[in-house]
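Structure file input05.pdb (PDB, C-alpha atoms, pLDDT in the B column) follows.
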```pdb
ATOM      1  CA  MET L  11      71.107  86.189   1.705  1.00 79.00           C
ATOM      2  CA  ALA L  12      73.132  83.010   1.411  1.00 89.00           C
ATOM      3  CA  LEU L  13      71.547  79.732   2.451  1.00 94.00           C
ATOM      4  CA  GLU L  14      73.831  76.897   3.496  1.00 96.00           C
ATOM      5  CA  LYS L  15      73.208  73.293   4.541  1.00 97.00           C
ATOM      6  CA  VAL L  16      75.709  71.896   7.032  1.00 97.00           C
ATOM      7  CA  THR L  17      75.859  68.278   8.210  1.00 97.00           C
ATOM      8  CA  LEU L  18      78.106  67.423  11.152  1.00 96.00           C
ATOM      9  CA  VAL L  19      78.577  64.912  13.939  1.00 97.00           C
ATOM     10  CA  ASP L  20      77.665  66.937  17.006  1.00 95.00           C
ATOM     11  CA  LYS L  21      77.476  64.275  19.722  1.00 97.00           C
ATOM     12  CA  VAL L  22      79.236  60.966  20.362  1.00 98.00           C
ATOM     13  CA  GLU L  23      78.276  58.894  23.397  1.00 98.00           C
ATOM     14  CA  VAL L  24      79.652  55.635  24.761  1.00 97.00           C
ATOM     15  CA  LEU L  25      76.810  53.485  26.045  1.00 97.00           C
ATOM     16  CA  GLU L  26      76.930  51.176  29.060  1.00 96.00           C
ATOM     17  CA  ASN L  27      77.227  48.085  26.841  1.00 95.00           C
ATOM     18  CA  GLY L  28      80.275  49.478  24.980  1.00 95.00           C
ATOM     19  CA  CYS L  29      78.396  50.588  21.870  1.00 98.00           C
ATOM     20  CA  VAL L  30      78.970  54.066  20.466  1.00 98.00           C
ATOM     21  CA  GLN L  31      75.958  56.276  19.717  1.00 98.00           C
ATOM     22  CA  VAL L  32      76.481  58.986  17.106  1.00 98.00           C
ATOM     23  CA  ARG L  33      74.202  61.992  16.560  1.00 98.00           C
ATOM     24  CA  THR L  34      74.416  63.807  13.247  1.00 98.00           C
ATOM     25  CA  ALA L  35      72.952  67.311  12.975  1.00 98.00           C
ATOM     26  CA  THR L  36      71.740  68.821   9.723  1.00 98.00           C
ATOM     27  CA  ARG L  37      71.458  72.588   9.938  1.00 97.00           C
ATOM     28  CA  ILE L  38      70.104  75.152   7.504  1.00 97.00           C
ATOM     29  CA  LEU L  39      71.898  78.481   7.906  1.00 96.00           C
ATOM     30  CA  GLU L  40      71.160  81.913   6.496  1.00 95.00           C
ATOM     31  CA  ASP L  41      74.150  84.247   6.716  1.00 92.00           C
ATOM     32  CA  GLY L  42      75.543  82.127   9.578  1.00 90.00           C
ATOM     33  CA  VAL L  43      72.286  82.082  11.581  1.00 94.00           C
ATOM     34  CA  VAL L  44      70.640  78.688  12.167  1.00 95.00           C
ATOM     35  CA  LEU L  45      67.142  78.617  10.673  1.00 96.00           C
ATOM     36  CA  SER L  46      66.443  74.913  11.102  1.00 97.00           C
ATOM     37  CA  SER L  47      68.023  71.806  12.658  1.00 97.00           C
ATOM     38  CA  SER L  48      67.249  68.120  12.413  1.00 98.00           C
ATOM     39  CA  TYR L  49      68.996  65.144  13.978  1.00 98.00           C
ATOM     40  CA  HIS L  50      69.722  61.516  13.166  1.00 98.00           C
ATOM     41  CA  ARG L  51      71.181  58.937  15.570  1.00 98.00           C
ATOM     42  CA  HIS L  52      72.785  55.601  14.916  1.00 98.00           C
ATOM     43  CA  VAL L  53      74.606  53.071  17.063  1.00 98.00           C
ATOM     44  CA  ILE L  54      77.880  51.320  16.269  1.00 98.00           C
ATOM     45  CA  ALA L  55      78.712  48.031  17.977  1.00 97.00           C
ATOM     46  CA  GLN L  56      82.164  46.541  18.385  1.00 96.00           C
ATOM     47  CA  GLY L  57      83.020  44.630  15.225  1.00 95.00           C
ATOM     48  CA  ASP L  58      80.924  46.876  12.940  1.00 97.00           C
ATOM     49  CA  ASP L  59      82.616  48.447   9.911  1.00 97.00           C
ATOM     50  CA  ILE L  60      83.557  52.011  10.893  1.00 97.00           C
ATOM     51  CA  SER L  61      85.388  52.941   7.672  1.00 97.00           C
ATOM     52  CA  GLY L  62      82.526  55.219   6.557  1.00 96.00           C
ATOM     53  CA  GLU L  63      82.286  57.067   9.866  1.00 97.00           C
ATOM     54  CA  ASP L  64      83.603  60.549  10.637  1.00 96.00           C
ATOM     55  CA  ALA L  65      87.306  60.627  11.596  1.00 96.00           C
ATOM     56  CA  LYS L  66      86.612  61.603  15.208  1.00 96.00           C
ATOM     57  CA  VAL L  67      84.074  58.763  15.553  1.00 97.00           C
ATOM     58  CA  GLN L  68      86.646  56.314  14.177  1.00 97.00           C
ATOM     59  CA  ALA L  69      89.225  57.602  16.671  1.00 97.00           C
ATOM     60  CA  ILE L  70      86.825  57.161  19.607  1.00 97.00           C
ATOM     61  CA  CYS L  71      85.849  53.645  18.483  1.00 97.00           C
ATOM     62  CA  ASN L  72      89.489  52.623  18.011  1.00 96.00           C
ATOM     63  CA  ALA L  73      90.469  53.984  21.434  1.00 96.00           C
ATOM     64  CA  LEU L  74      87.524  52.270  23.104  1.00 96.00           C
ATOM     65  CA  TRP L  75      87.750  48.863  21.441  1.00 95.00           C
ATOM     66  CA  ASN L  76      91.536  48.391  21.027  1.00 89.00           C
TER      67      ASN L  76
END
```
This entry written out as structure tokens:
Amino acid sequence: MALEKVTLVDKVEVLENGCVQVRTATRILEDGVVLSSSYHRHVIAQGDDISGEDAKVQAICNALWN
């Protein structure tokens, strides 16, 4: 029985006003089976620092705002 905690960006949405909403999932797995999930959302506006964001989020923001 191996427990594992995985955190990943599982949803990226572009809002009507041009902001990007990012959902991060935290999952607890036992032998590859999800036991528990929790979610956190945050919004990024044009001009915000995206250097700490996931690479795919940075790519979406750069494509949208440049």
How big is the axis-aligned box around all listed atoms of segment 54-73 of chain L once 8 Å goes on each side, and where's its centre, in Å to one decimal, as lines of an AutoDock Vina configuration file?
```
center_x = 84.2
center_y = 53.1
center_z = 14.0
size_x = 28.6
size_y = 33.0
size_z = 30.9
```
Subject >> Non-local contacts of segment 34-37 of chain L (8 Å; only C-alpha atoms; under 2 positions in same chain excluded) as a ChimeraX atom specification >> reply: /L:15-21,32,39,44-51
Subject >> Explicit residue set for the PyMOL selection byres ((chain L and resi 13) around 6), as a list in words >> reply: Ala12, Glu14, Leu39 and Glu40 of chain L
Subject >> Selection near Val53 of chain L, 7 Å with all atoms listed in the file, sequence-local residues under 5 positions removed, as number ranges by chain >> reply: L: 29-32
Subject >> Selection result for the PyMOL selection byres ((chain L and resi 56-64) around 9) on this file, as JSON, numbers by chain >> reply: {"L": [18, 19, 28, 29, 30, 54, 55, 65, 66, 67, 68, 69, 71, 75]}
Subject >> Top pick for closest residue to Ile70 of chain L, considering L:Val43, L:Val22, L:Arg33, L:Asn27 and counting all atoms listed in the file >> reply: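 Of the candidates, the smallest distance to Ile70 of chain L is held by L:Val22.
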